[in-house]
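*Asks:* Take a look at data.txt, compact mmCIF, C-alpha atoms and all ligand atoms:
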```txt
# COMPACT_ATOMS: atom_id res chain seq x y z
CA MET A 116 -54.92 43.30 6.49
CA ASP A 117 -54.44 39.51 6.62
CA SER A 118 -50.98 38.03 6.24
CA THR A 119 -51.68 36.70 2.72
CA THR A 120 -52.80 40.13 1.49
CA ALA A 121 -49.78 41.75 3.15
CA ALA A 122 -47.44 39.33 1.36
CA VAL A 123 -49.29 39.79 -1.97
CA ARG A 124 -49.08 43.56 -1.53
CA ALA A 125 -45.33 43.37 -0.91
CA LEU A 126 -44.95 41.28 -4.09
CA TYR A 127 -46.89 43.74 -6.25
CA GLU A 128 -45.12 46.74 -4.72
CA ARG A 129 -41.79 45.20 -5.69
CA PHE A 130 -43.11 44.01 -9.08
CA PRO A 131 -46.04 46.31 -10.06
CA TYR A 132 -48.27 44.54 -12.56
CA PRO A 133 -48.67 44.59 -15.49
CA HIS A 134 -45.93 45.89 -17.71
CA GLY A 135 -46.95 48.27 -20.51
CA GLY A 136 -49.35 51.10 -21.26
CA PRO A 137 -53.13 51.47 -21.40
CA GLU A 138 -55.03 48.92 -23.44
CA LEU A 139 -58.62 48.16 -24.43
CA ARG A 140 -59.57 44.90 -22.82
CA VAL A 141 -62.43 42.42 -22.84
CA GLY A 142 -65.62 44.06 -21.61
CA PHE A 143 -64.12 47.57 -21.54
CA ASP A 144 -67.21 49.12 -23.20
CA ALA A 145 -69.61 49.73 -20.30
CA ALA A 146 -72.70 50.52 -22.40
CA MET A 147 -72.14 47.41 -24.49
CA VAL A 148 -71.75 45.06 -21.52
CA LEU A 149 -74.69 46.55 -19.63
CA GLY A 150 -76.77 46.23 -22.79
CA LEU A 151 -76.52 42.42 -22.57
CA THR A 152 -78.92 42.00 -19.67
CA ALA A 153 -82.71 41.97 -19.34
CA LEU A 154 -82.58 44.25 -16.31
CA GLN A 155 -81.56 47.68 -17.59
CA ARG A 156 -80.40 50.76 -15.65
CA PRO A 157 -83.29 52.80 -14.27
CA PRO A 158 -84.15 55.54 -16.84
CA SER A 159 -83.42 58.26 -14.25
CA SER A 160 -79.82 57.07 -13.67
CA SER A 161 -77.13 59.57 -14.44
CA THR A 162 -73.46 58.70 -14.84
CA MET A 163 -72.45 55.06 -15.21
CA ASN A 164 -70.10 53.99 -12.43
CA VAL A 165 -67.41 51.39 -13.04
CA LEU A 166 -65.10 49.77 -10.47
CA ASP A 167 -61.84 48.02 -11.32
CA ALA A 168 -61.25 45.76 -8.31
CA GLY A 169 -57.51 45.05 -8.14
CA CYS A 170 -56.64 47.48 -10.95
CA GLY A 171 -52.85 47.14 -10.60
CA ARG A 172 -51.12 49.87 -12.64
CA GLY A 173 -54.46 50.69 -14.26
CA VAL A 174 -53.66 49.41 -17.73
CA GLY A 175 -57.22 48.17 -18.42
CA LEU A 176 -58.84 50.88 -16.30
CA ILE A 177 -57.11 53.80 -18.02
CA GLY A 178 -57.67 52.26 -21.45
CA ALA A 179 -61.41 52.07 -20.72
CA ALA A 180 -61.59 55.52 -19.10
CA SER A 181 -59.78 57.22 -21.95
CA VAL A 182 -62.40 56.21 -24.54
CA GLN A 183 -65.50 56.66 -22.32
CA PRO A 184 -65.25 60.20 -20.89
CA GLU A 185 -68.92 60.15 -19.85
CA VAL A 186 -68.38 57.13 -17.53
CA ALA A 187 -66.94 57.48 -13.97
CA PHE A 188 -64.18 54.96 -13.17
CA VAL A 189 -62.71 53.97 -9.80
CA GLY A 190 -59.67 51.71 -9.50
CA VAL A 191 -58.69 50.08 -6.22
CA ASP A 192 -55.72 47.99 -5.21
CA VAL A 193 -53.46 47.27 -2.22
CA SER A 194 -50.22 47.96 -4.10
CA ARG A 195 -49.45 51.62 -3.40
CA VAL A 196 -46.71 51.57 -6.02
CA SER A 197 -49.16 50.39 -8.71
CA LEU A 198 -51.74 52.97 -7.62
CA ALA A 199 -49.19 55.80 -7.79
CA ASP A 200 -48.19 54.63 -11.24
CA GLY A 201 -51.83 54.55 -12.39
CA ARG A 202 -52.51 58.04 -10.99
CA ALA A 203 -49.46 59.42 -12.79
CA THR A 204 -50.52 57.88 -16.13
CA ALA A 205 -54.10 59.18 -15.77
CA ALA A 206 -52.80 62.66 -14.90
CA ALA A 207 -50.39 62.65 -17.84
CA LEU A 208 -53.32 61.82 -20.14
CA GLY A 209 -55.45 64.54 -18.53
CA LEU A 210 -58.20 62.09 -17.56
CA GLU A 211 -60.79 63.52 -15.20
CA ASN A 212 -63.09 60.50 -15.02
CA VAL A 213 -60.84 58.09 -13.12
CA GLU A 214 -59.88 57.87 -9.45
CA PHE A 215 -57.53 55.50 -7.64
CA HIS A 216 -57.99 54.38 -4.02
CA GLU A 217 -56.08 52.09 -1.73
CA VAL A 218 -58.67 49.46 -0.76
CA ASP A 219 -58.19 45.89 0.45
CA LEU A 220 -60.72 43.64 -1.28
CA THR A 221 -60.83 41.37 1.77
CA THR A 222 -62.73 44.15 3.60
CA LEU A 223 -63.67 46.85 1.04
CA ASP A 224 -63.07 49.38 3.82
CA GLY A 225 -62.85 52.89 2.37
CA LEU A 226 -64.38 51.97 -1.00
CA PRO A 227 -66.40 54.95 -2.34
CA VAL A 228 -69.61 53.12 -3.35
CA PRO A 229 -72.00 55.20 -5.51
CA ALA A 230 -75.68 55.38 -4.47
CA GLY A 231 -77.34 52.24 -5.79
CA GLY A 232 -74.04 50.42 -6.34
CA PHE A 233 -71.63 50.13 -9.27
CA ASP A 234 -73.09 49.50 -12.70
CA LEU A 235 -70.08 47.50 -13.81
CA ILE A 236 -67.24 45.85 -11.89
CA HIS A 237 -64.09 44.53 -13.53
CA SER A 238 -61.83 42.15 -11.68
CA SER A 239 -59.12 40.65 -13.82
CA GLY A 240 -56.56 38.26 -12.39
CA VAL A 241 -57.13 39.26 -8.78
CA ILE A 242 -59.37 37.00 -6.67
CA HIS A 243 -57.30 33.87 -7.40
CA HIS A 244 -54.51 35.59 -5.42
CA MET A 245 -56.67 35.78 -2.31
CA GLU A 246 -57.24 33.18 0.37
CA ASP A 247 -60.98 33.02 -0.12
CA PRO A 248 -61.86 33.96 -3.72
CA ALA A 249 -65.59 33.21 -3.27
CA ALA A 250 -65.82 35.54 -0.27
CA ALA A 251 -64.08 38.29 -2.27
CA LEU A 252 -66.49 37.80 -5.15
CA ARG A 253 -69.45 37.83 -2.78
CA ARG A 254 -68.29 41.18 -1.37
CA LEU A 255 -68.06 42.60 -4.90
CA GLY A 256 -71.61 41.37 -5.53
CA GLY A 257 -72.61 43.36 -2.44
CA VAL A 258 -71.56 46.67 -4.06
CA LEU A 259 -73.01 45.83 -7.49
CA ALA A 260 -76.25 47.53 -8.62
CA PRO A 261 -79.18 45.10 -9.11
CA HIS A 262 -78.86 45.53 -12.90
CA GLY A 263 -75.05 45.46 -12.75
CA VAL A 264 -72.52 43.14 -14.35
CA ILE A 265 -69.18 41.82 -13.07
CA VAL A 266 -66.51 41.09 -15.67
CA LEU A 267 -64.40 38.41 -14.00
CA MET A 268 -61.15 36.83 -15.12
CA VAL A 269 -59.65 33.91 -13.19
CA TYR A 270 -57.02 31.33 -14.04
CA ALA A 271 -58.06 28.13 -15.81
CA LYS A 272 -56.25 25.10 -14.35
CA LEU A 273 -55.98 22.95 -17.46
CA GLY A 274 -54.73 25.72 -19.75
CA ARG A 275 -52.11 26.79 -17.20
CA GLU A 276 -50.54 23.33 -17.02
CA PRO A 277 -47.49 24.47 -19.06
CA TYR A 278 -46.92 27.29 -16.53
CA ALA A 279 -47.38 24.93 -13.58
CA ARG A 280 -44.80 22.62 -15.15
CA VAL A 281 -42.23 25.46 -15.23
CA THR A 282 -43.04 26.40 -11.63
CA ARG A 283 -42.53 22.78 -10.55
CA ALA A 284 -39.09 22.75 -12.17
CA ILE A 285 -38.13 26.04 -10.51
CA ASP A 286 -39.39 24.84 -7.11
CA ALA A 287 -37.33 21.67 -7.47
CA VAL A 288 -34.13 23.65 -7.92
CA VAL A 289 -34.53 27.12 -6.37
CA SER A 290 -35.37 27.10 -2.66
CA VAL A 291 -39.05 27.95 -2.13
CA GLY A 292 -38.27 29.53 1.24
CA LEU A 293 -36.27 32.42 -0.28
CA PRO A 294 -37.83 35.84 -1.04
CA VAL A 295 -39.14 36.15 -4.61
CA SER A 296 -36.56 38.84 -5.44
CA GLU A 297 -33.78 36.34 -4.54
CA ARG A 298 -35.42 33.46 -6.45
CA LEU A 299 -35.86 35.50 -9.61
CA GLY A 300 -32.26 35.41 -10.89
CA PRO A 301 -31.65 31.67 -10.40
CA ALA A 302 -35.14 30.86 -11.73
CA ARG A 303 -34.56 32.83 -14.92
CA ALA A 304 -31.16 31.25 -15.38
CA LEU A 305 -32.74 27.82 -14.96
CA VAL A 306 -35.50 28.29 -17.55
CA THR A 307 -33.03 29.83 -20.01
CA GLY A 308 -30.88 26.73 -19.60
CA LEU A 309 -33.89 24.49 -20.17
CA ALA A 310 -35.40 26.51 -23.06
CA ALA A 311 -34.34 24.01 -25.71
CA LEU A 312 -35.91 21.14 -23.78
CA ASN A 313 -39.54 22.09 -23.92
CA PRO A 314 -41.65 24.94 -25.42
CA ALA A 315 -42.95 25.75 -21.91
CA PHE A 316 -39.41 26.68 -20.82
CA ALA A 317 -38.75 28.60 -24.06
CA GLU A 318 -41.90 30.65 -23.42
CA ALA A 319 -40.83 31.33 -19.81
CA ALA A 320 -37.33 32.35 -20.91
CA ALA A 321 -38.79 34.94 -23.30
CA THR A 322 -41.14 36.45 -20.69
CA SER A 323 -40.66 39.93 -19.15
CA GLU A 324 -39.52 40.04 -15.53
CA VAL A 325 -42.84 41.24 -14.12
CA GLU A 326 -44.79 38.64 -16.08
CA PHE A 327 -42.30 35.94 -15.05
CA VAL A 328 -42.81 36.68 -11.36
CA ASP A 329 -46.59 36.81 -11.74
CA ARG A 330 -46.72 33.57 -13.69
CA TYR A 331 -44.04 31.34 -12.21
CA LEU A 332 -43.02 32.70 -8.80
CA HIS A 333 -46.29 33.78 -7.22
CA ILE A 334 -46.70 33.24 -3.51
CA GLN A 335 -50.49 32.85 -3.53
CA GLU A 336 -52.62 31.61 -6.39
CA CYS A 337 -55.23 29.05 -7.30
CA ALA A 338 -56.85 28.01 -10.57
CA PHE A 339 -60.22 26.56 -11.54
CA ASP A 340 -61.77 24.09 -13.94
CA VAL A 341 -65.17 24.84 -15.47
CA ARG A 342 -67.14 23.10 -12.71
CA GLN A 343 -65.11 24.84 -10.01
CA LEU A 344 -65.74 28.15 -11.75
CA TYR A 345 -69.50 27.57 -11.69
CA LYS A 346 -69.23 26.60 -8.00
CA LEU A 347 -67.16 29.72 -7.20
CA VAL A 348 -69.83 31.91 -8.78
CA ALA A 349 -72.67 30.10 -6.99
CA ASP A 350 -70.82 30.26 -3.65
CA ALA A 351 -70.55 34.02 -4.15
CA GLY A 352 -74.35 34.23 -4.62
CA LEU A 353 -74.00 35.26 -8.27
CA GLU A 354 -74.87 33.76 -11.65
CA VAL A 355 -72.98 33.36 -14.91
CA LEU A 356 -74.65 35.50 -17.59
CA ARG A 357 -72.40 34.17 -20.36
CA TRP A 358 -68.78 33.74 -21.38
CA CYS A 359 -67.23 37.06 -22.48
CA ASN A 360 -65.88 35.42 -25.60
CA THR A 361 -68.85 33.40 -26.81
CA ASP A 362 -66.97 32.43 -29.97
CA ALA A 363 -64.37 30.53 -27.93
CA TRP A 364 -67.11 28.60 -26.12
CA SER A 365 -69.29 27.87 -29.14
CA VAL A 366 -69.83 24.22 -30.03
CA ASP A 367 -69.49 25.27 -33.66
CA GLN A 368 -65.72 25.45 -33.31
CA VAL A 369 -65.33 21.80 -32.27
CA PRO A 370 -64.98 19.25 -35.07
CA ALA A 371 -68.26 18.43 -36.82
CA GLY A 372 -69.82 15.02 -36.39
CA LEU A 373 -69.95 13.04 -33.20
CA ILE A 374 -68.21 15.50 -30.86
CA ARG A 375 -70.12 18.58 -31.96
CA GLU A 376 -73.48 16.82 -31.74
CA GLN A 377 -72.56 15.44 -28.33
CA ALA A 378 -71.59 18.92 -27.14
CA ARG A 379 -74.75 20.52 -28.45
CA ALA A 380 -76.96 18.04 -26.61
CA ALA A 381 -75.07 18.27 -23.29
CA ALA A 382 -76.05 20.26 -20.20
CA PRO A 383 -74.15 23.61 -20.05
CA ALA A 384 -71.56 22.51 -17.45
CA ASP A 385 -70.87 19.26 -19.36
CA ARG A 386 -70.67 21.09 -22.69
CA ASP A 387 -68.29 23.72 -21.29
CA THR A 388 -66.17 21.03 -19.63
CA LEU A 389 -65.88 19.27 -22.98
CA ILE A 390 -64.93 22.51 -24.75
CA GLU A 391 -62.39 23.25 -22.01
CA ALA A 392 -60.85 19.81 -22.52
CA LEU A 393 -60.62 20.39 -26.27
CA THR A 394 -59.40 23.99 -26.31
CA GLY A 395 -57.65 24.47 -22.93
CA PRO A 396 -58.02 28.25 -22.42
CA ARG A 397 -55.50 29.78 -20.00
CA VAL A 398 -58.06 31.97 -18.33
CA PHE A 399 -61.81 32.09 -17.85
CA GLU A 400 -63.51 35.39 -18.63
CA VAL A 401 -67.16 35.60 -17.69
CA TYR A 402 -69.94 38.12 -17.23
CA LEU A 403 -71.66 37.64 -13.88
CA VAL A 404 -74.97 39.02 -12.65
CA LYS A 405 -77.15 38.96 -9.58
CA SER A 406 -79.86 36.37 -9.30
CA GLY A 407 -82.91 37.30 -11.38
CA ASN A 408 -80.98 39.13 -14.07
CA VAL A 409 -80.67 37.22 -17.35
CA LEU A 410 -79.66 37.78 -20.96
CA ARG A 411 -81.74 40.42 -22.72
CA PRO A 412 -84.50 38.72 -24.71
CA PRO A 413 -84.33 38.90 -28.51
CA LEU A 414 -86.10 41.82 -30.16
CA SER A 415 -89.52 41.28 -31.63
CA GLY A 416 -89.85 42.50 -35.24
CA ASP A 417 -91.96 45.52 -34.27
CA ALA A 418 -89.60 46.70 -31.55
CA ALA A 419 -86.58 46.68 -33.86
CA ALA A 420 -87.39 50.00 -35.57
CA ALA A 421 -87.28 52.00 -32.33
CA ALA A 422 -84.45 50.00 -30.70
CA ARG A 423 -80.94 51.43 -30.47
CA PHE A 424 -77.93 49.58 -31.83
CA ALA A 425 -74.20 50.20 -32.11
CA VAL A 426 -71.34 48.57 -33.96
CA SER A 427 -69.51 46.27 -31.52
CA SER A 428 -66.42 47.95 -30.10
CA GLU A 429 -64.73 44.54 -29.94
CA GLY A 430 -63.82 44.28 -33.61
CA ASN A 431 -62.75 46.15 -36.76
CA PHE A 432 -63.92 46.38 -40.34
CA GLU A 433 -61.42 45.42 -43.04
CA LEU A 434 -62.27 46.75 -46.49
CA THR A 435 -60.18 45.66 -49.46
CA THR A 436 -60.41 47.85 -52.54
CA ARG A 437 -58.83 47.67 -55.98
CA SER A 438 -58.24 50.54 -58.38
CA VAL A 439 -59.46 49.69 -61.85
CA PRO A 440 -59.74 52.15 -64.75
CA GLY A 441 -62.36 54.73 -63.86
CA GLN A 442 -63.25 53.47 -60.38
CA VAL A 443 -62.17 52.07 -57.02
CA ARG A 444 -63.83 48.66 -56.69
CA HIS A 445 -64.74 47.03 -53.37
CA GLU A 446 -63.18 43.58 -53.40
CA SER A 447 -64.18 42.34 -49.98
CA LEU A 448 -65.43 43.51 -46.61
CA ARG A 449 -64.86 41.66 -43.34
CA PHE A 450 -65.37 42.27 -39.65
CA ARG A 451 -62.54 40.91 -37.52
CA LYS A 452 -63.64 40.30 -33.93
CA ALA A 453 -61.26 40.55 -30.98
CA SER A 454 -61.93 36.82 -30.50
CA GLY A 455 -60.16 36.21 -33.83
CA VAL A 456 -63.38 35.22 -35.62
CA VAL A 457 -63.67 36.84 -39.06
CA ILE A 458 -67.12 37.54 -40.50
CA GLU A 459 -67.20 37.79 -44.28
CA LEU A 460 -69.78 40.37 -45.28
CA GLN A 461 -71.41 39.52 -48.58
CA GLY A 462 -74.73 40.27 -50.25
CA VAL A 463 -77.04 42.31 -48.04
CA LEU A 464 -74.59 41.94 -45.13
CA GLY A 465 -71.98 43.55 -47.37
CA LEU A 466 -74.32 46.47 -48.08
CA ALA A 467 -74.98 46.81 -44.36
CA GLY A 468 -71.24 46.60 -43.59
CA LEU A 469 -70.49 49.41 -46.06
CA CYS A 470 -73.04 51.62 -44.29
CA LEU A 471 -71.82 50.66 -40.80
CA GLN A 472 -68.07 50.79 -41.25
CA ASN A 473 -67.86 54.52 -40.56
CA GLN A 474 -70.74 54.60 -38.06
CA VAL A 475 -69.89 56.51 -34.90
CA GLY A 476 -72.27 56.12 -31.97
CA PRO A 477 -75.63 54.39 -31.65
CA PHE A 478 -78.29 54.27 -34.38
CA THR A 479 -81.92 53.16 -34.43
CA GLY A 480 -83.36 50.20 -36.27
CA HIS A 481 -85.32 52.68 -38.37
CA GLU A 482 -82.13 54.47 -39.43
CA PHE A 483 -80.59 51.12 -40.30
CA TYR A 484 -83.59 50.18 -42.45
CA GLN A 485 -83.52 53.52 -44.27
CA ALA A 486 -79.79 53.34 -44.98
CA ILE A 487 -79.82 49.78 -46.36
CA LEU A 488 -83.08 50.21 -48.29
CA ALA A 489 -81.41 53.18 -50.01
CA GLN A 490 -78.68 50.76 -51.21
CA GLY A 491 -81.34 48.77 -53.11
CA ALA A 492 -82.09 45.97 -50.60
CA SER A 493 -85.66 44.81 -49.91
CA ALA A 494 -87.32 45.29 -46.49
CA ARG A 495 -87.12 41.53 -45.94
CA GLU A 496 -83.40 41.48 -46.66
CA VAL A 497 -82.81 44.40 -44.29
CA GLY A 498 -84.72 42.57 -41.52
CA PHE A 499 -82.57 39.51 -42.13
CA ALA A 500 -79.36 41.62 -42.08
CA LEU A 501 -80.25 43.26 -38.76
CA ALA A 502 -81.03 39.93 -37.08
CA GLU A 503 -77.94 38.26 -38.53
CA LEU A 504 -75.54 41.06 -37.55
CA LEU A 505 -76.91 40.92 -34.00
CA ARG A 506 -76.55 37.14 -33.89
CA LEU A 507 -72.97 37.33 -35.15
CA GLY A 508 -72.13 40.01 -32.57
CA LEU A 509 -71.12 42.62 -35.15
CA ILE A 510 -73.78 44.96 -33.80
CA VAL A 511 -74.99 45.15 -30.20
CA ARG A 512 -77.77 46.83 -28.23
CA PRO A 513 -76.00 49.23 -25.85
CA SER A 514 -77.45 50.32 -22.56
CA GLN A 515 -78.48 54.00 -22.25
C1 LIG A 601 -52.15 40.14 -11.55
S1 LIG A 601 -52.45 41.73 -10.94
C2 LIG A 601 -53.78 42.23 -12.00
C3 LIG A 601 -53.84 43.72 -12.18
C4 LIG A 601 -54.94 44.19 -13.12
N1 LIG A 601 -56.24 43.73 -12.73
C5 LIG A 601 -54.65 43.77 -14.53
O1 LIG A 601 -55.34 42.87 -15.04
O2 LIG A 601 -53.76 44.34 -15.15
C6 LIG A 601 -53.28 41.42 -9.41
C7 LIG A 601 -53.56 42.70 -8.63
O3 LIG A 601 -54.46 42.39 -7.56
C8 LIG A 601 -54.08 43.16 -6.43
N2 LIG A 601 -54.60 42.53 -5.22
C9 LIG A 601 -54.33 41.29 -4.75
N3 LIG A 601 -54.96 41.08 -3.58
C10 LIG A 601 -55.66 42.22 -3.33
C11 LIG A 601 -56.52 42.63 -2.27
N4 LIG A 601 -56.77 41.84 -1.23
N5 LIG A 601 -57.08 43.85 -2.33
C12 LIG A 601 -56.82 44.69 -3.39
N6 LIG A 601 -56.01 44.36 -4.42
C13 LIG A 601 -55.44 43.14 -4.38
C14 LIG A 601 -52.56 43.15 -6.51
O4 LIG A 601 -51.98 44.18 -5.75
C15 LIG A 601 -52.31 43.30 -8.00
O5 LIG A 601 -52.16 44.65 -8.39
```
Turn this file's structure into structure tokens for me.

*Replies:*
Amino acid sequence: MDSTTAAVRALYERFPYPHGGPELRVGFDAAMVLGLTALQRPPSSSTMNVLDAGCGRGVGLIGAASVQPEVAFVGVDVSRVSLADGRATAAALGLENVEFHEVDLTTLDGLPVPAGGFDLIHSSGVIHHMEDPAAALRRLGGVLAPHGVIVLMVYAKLGREPYARVTRAIDAVVSVGLPVSERLGPARALVTGLAALNPAFAEAAATSEVEFVDRYLHIQECAFDVRQLYKLVADAGLEVLRWCNTDAWSVDQVPAGLIREQARAAAPADRDTLIEALTGPRVFEVYLVKSGNVLRPPLSGDAAAAARFAVSSEGNFELTTRSVPGQVRHESLRFRKASGVVIELQGVLGLAGLCLQNQVGPFTGHEFYQAILAQGASAREVGFALAELLRLGLIVRPSQ
């Protein structure tokens, strides 16, 4: 183990990350993410295999495993304290589809790689704590199946400026040479004292201890801008499939007129750099693939009937009803995406939403047509609804 990894391990054994219990995170739904690509799993494949590289206490891993019992999950980390914590939580929940292993991502020694590679690899907030993030990402690409997807989260430099500002203040006052556990008390006292001065200090003062250490006192981290992110991915021999949260990177959210038109006409890296400058996200979350794999092409009209769809697991329906004499009237129906975008479902989309809101599991295009036709829509309207719901991301085409 190199000296950086040893120091990072010691930090995360003293301050296991993150705080809190299992949660459903970006890209947790394996079938949904794998359904995004043109290259699909071979039809003979059995269980889907998912790796969480640098799983920490397993908050995202256990959240994903607990709602996908048919998928096999492996979490690896160097922090033995975090791993023990994750194992205990998984055991308490009775999960049988998740394993934890102590593996250093700078070597991958001891990683149990399934035949053909992992279908999906998550790595959230990990490689920017390593000396050579591109080499780490390249190694992960080496254990990814040809059709596989990596869900990567790394720090975004511009959006983290407020955090960097707090760190600079702490470094100016609390000796950088001291161990983190000795810096913590004086650093917290400092930001509490400065909280009234600037919202960045107020935010730091209100942060939990573990988060505070991770954010402001880390011993090894780097951050990227959009162009550096694209370079990182290329240096690792991988390609960006798309942003996880396409809504946040859509030109439609920037002010109409000159800027939006400029963004639409720009090359992808220029457009994304412009959006980064305007919106300043704190992290970048991207889906990565191996060379040759691309986004799944749109469905042709004929193929839609036999195709399988599912309601996106990254959002919720919100139905508002009103009791009036003799009936309960539907006032409005919306789909609220995890990205924050709200889709108002009216007309034929409203009819489709009413049919889909209690849908459990995948359905075929044919079943969709039958259900909405039965509500009085025309075949043309149903075709429009299917295409529109796919475009808006309310329904997806999951992988088998
Ligand atoms: C900020 S935490 C993120 C934990 C988890 N991915 C999450 O999002 O909740 C970073 C994790 O990466 C792990 N890590 C850092 N360097 C590593 C390495 N070389 N090999 C394996 N894990 C590593 C740390 O131990 C820590 O648990």

*Asks:* Would you pick out the contacts of region 261-269 of chain A at 7 Å or less, using all atoms listed in the file, so that residues sharing its chain but fewer than 6 positions from it are not included, and give the list as a VMD selection string?

*Replies:* chain A and resid 142 149 154 to 156 233 to 240 243 398 to 405 408

*Asks:* For the contact check between region 118-150 of chain A and region 172-187 of chain A, emit one row per residue of region 118-150 of chain A within 9 Å, containing the shortest atom pair and the distance in Å rounded to one decimal, counting all atoms listed in the file, chain then rising number order, as CSV.

*Replies:*
```
residue,atom,partner,partner_atom,distance
A:Pro131,CA,A:Arg172,CA,6.7
A:Tyr132,CA,A:Arg172,CA,6.0
A:Pro133,CA,A:Arg172,CA,6.5
A:His134,CA,A:Arg172,CA,8.3
A:Gly135,CA,A:Val174,CA,7.4
A:Gly136,CA,A:Val174,CA,5.8
A:Pro137,CA,A:Val174,CA,4.2
A:Glu138,CA,A:Gly178,CA,4.7
A:Leu139,CA,A:Gly178,CA,5.2
A:Arg140,CA,A:Gly175,CA,6.0
A:Val141,CA,A:Gly175,CA,8.9
A:Phe143,CA,A:Ala179,CA,5.3
A:Asp144,CA,A:Ala179,CA,7.0
A:Ala145,CA,A:Val186,CA,8.0
```

*Asks:* Of the residues A:Leu151, A:Leu434, A:Val258, A:Ile334, which is the one nearest to ligand LIG 601 (chain A), using only C-alpha atoms and all ligand atoms?

*Replies:*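 The shortest atom-to-atom distance to ligand LIG 601 (chain A) comes from A:Ile334.
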
*Asks:* Taking only C-alpha atoms and all ligand atoms into account, name the residue in A:Val457, A:Val191, A:Leu504, A:Leu252 that is nearest to ligand LIG 601 (chain A).

*Replies:* A:Val191

*Asks:* Could you produce a table of the residues of chain A lying within 9 Å of ligand LIG 601 (chain A), with the nearest pair of atoms per residue and their separation in Å rounded to one decimal, using all atoms listed in the file, ordered by chain and increasing residue number, as CSV?

*Replies:*
```
residue,atom,partner,partner_atom,distance
A:Met116,CA,A:LIG601,N4,8.1
A:Asp117,CA,A:LIG601,N4,8.5
A:Thr119,CA,A:LIG601,N4,8.2
A:Thr120,CA,A:LIG601,N4,5.1
A:Ala121,CA,A:LIG601,N4,8.2
A:Val123,CA,A:LIG601,C9,5.9
A:Arg124,CA,A:LIG601,O4,5.2
A:Ala125,CA,A:LIG601,O4,8.3
A:Leu126,CA,A:LIG601,O4,7.8
A:Tyr127,CA,A:LIG601,O4,5.1
A:Glu128,CA,A:LIG601,O4,7.4
A:Pro131,CA,A:LIG601,O5,6.6
A:Tyr132,CA,A:LIG601,S1,5.3
A:Pro133,CA,A:LIG601,O2,5.1
A:His134,CA,A:LIG601,O2,8.4
A:Asp167,CA,A:LIG601,N1,7.2
A:Ala168,CA,A:LIG601,N6,6.7
A:Gly169,CA,A:LIG601,N6,4.1
A:Cys170,CA,A:LIG601,N1,4.2
A:Gly171,CA,A:LIG601,O5,3.4
A:Arg172,CA,A:LIG601,O2,6.6
A:Gly173,CA,A:LIG601,O2,6.5
A:Val174,CA,A:LIG601,O2,5.7
A:Gly175,CA,A:LIG601,O2,6.1
A:Leu176,CA,A:LIG601,O2,8.4
A:Val191,CA,A:LIG601,C12,6.4
A:Asp192,CA,A:LIG601,N6,3.7
A:Val193,CA,A:LIG601,C12,4.4
A:Ser194,CA,A:LIG601,O4,4.5
A:Arg195,CA,A:LIG601,O4,8.2
A:Ser197,CA,A:LIG601,O5,6.5
A:Leu198,CA,A:LIG601,O5,8.4
A:Glu217,CA,A:LIG601,C12,7.6
A:Val218,CA,A:LIG601,C12,5.8
A:Asp219,CA,A:LIG601,N5,3.6
A:Leu220,CA,A:LIG601,N5,3.8
A:Thr221,CA,A:LIG601,N4,5.1
A:Thr222,CA,A:LIG601,N4,8.0
A:Leu223,CA,A:LIG601,N5,8.0
A:His237,CA,A:LIG601,N1,7.9
A:Ser238,CA,A:LIG601,N1,5.9
A:Ser239,CA,A:LIG601,N1,4.4
A:Gly240,CA,A:LIG601,C2,4.9
A:Val241,CA,A:LIG601,O3,4.3
A:Ile242,CA,A:LIG601,N3,6.8
A:His243,CA,A:LIG601,C9,8.4
A:His244,CA,A:LIG601,C9,5.7
A:Met245,CA,A:LIG601,N3,5.7
A:Glu246,CA,A:LIG601,N4,8.8
A:Ala251,CA,A:LIG601,N4,8.2
A:Met268,CA,A:LIG601,O1,8.4
A:Glu326,CA,A:LIG601,C1,8.8
A:Asp329,CA,A:LIG601,C1,6.5
A:Arg330,CA,A:LIG601,C1,8.8
```

*Asks:* Provide region 425-431 of chain A rebuilt to N, CA and C atoms, formatted as a tab-separated table (two decimals), in the frame of the given file.

*Replies:*
```tsv
chain	number	residue	atom	x	y	z
A	425	ALA	N	-75.52	49.60	-31.87
A	425	ALA	CA	-74.20	50.20	-32.11
A	425	ALA	C	-73.32	49.12	-32.70
A	426	VAL	N	-72.33	49.53	-33.47
A	426	VAL	CA	-71.34	48.57	-33.96
A	426	VAL	C	-70.54	48.10	-32.74
A	427	SER	N	-70.29	46.80	-32.65
A	427	SER	CA	-69.51	46.27	-31.52
A	427	SER	C	-68.14	46.95	-31.46
A	428	SER	N	-67.75	47.33	-30.25
A	428	SER	CA	-66.42	47.95	-30.10
A	428	SER	C	-65.34	46.88	-29.98
A	429	GLU	N	-65.72	45.61	-30.06
A	429	GLU	CA	-64.73	44.54	-29.94
A	429	GLU	C	-64.45	43.93	-31.31
A	430	GLY	N	-64.15	44.77	-32.28
A	430	GLY	CA	-63.82	44.28	-33.61
A	430	GLY	C	-63.56	45.44	-34.56
A	431	ASN	N	-63.07	45.12	-35.76
A	431	ASN	CA	-62.75	46.15	-36.76
A	431	ASN	C	-63.21	45.69	-38.13
```
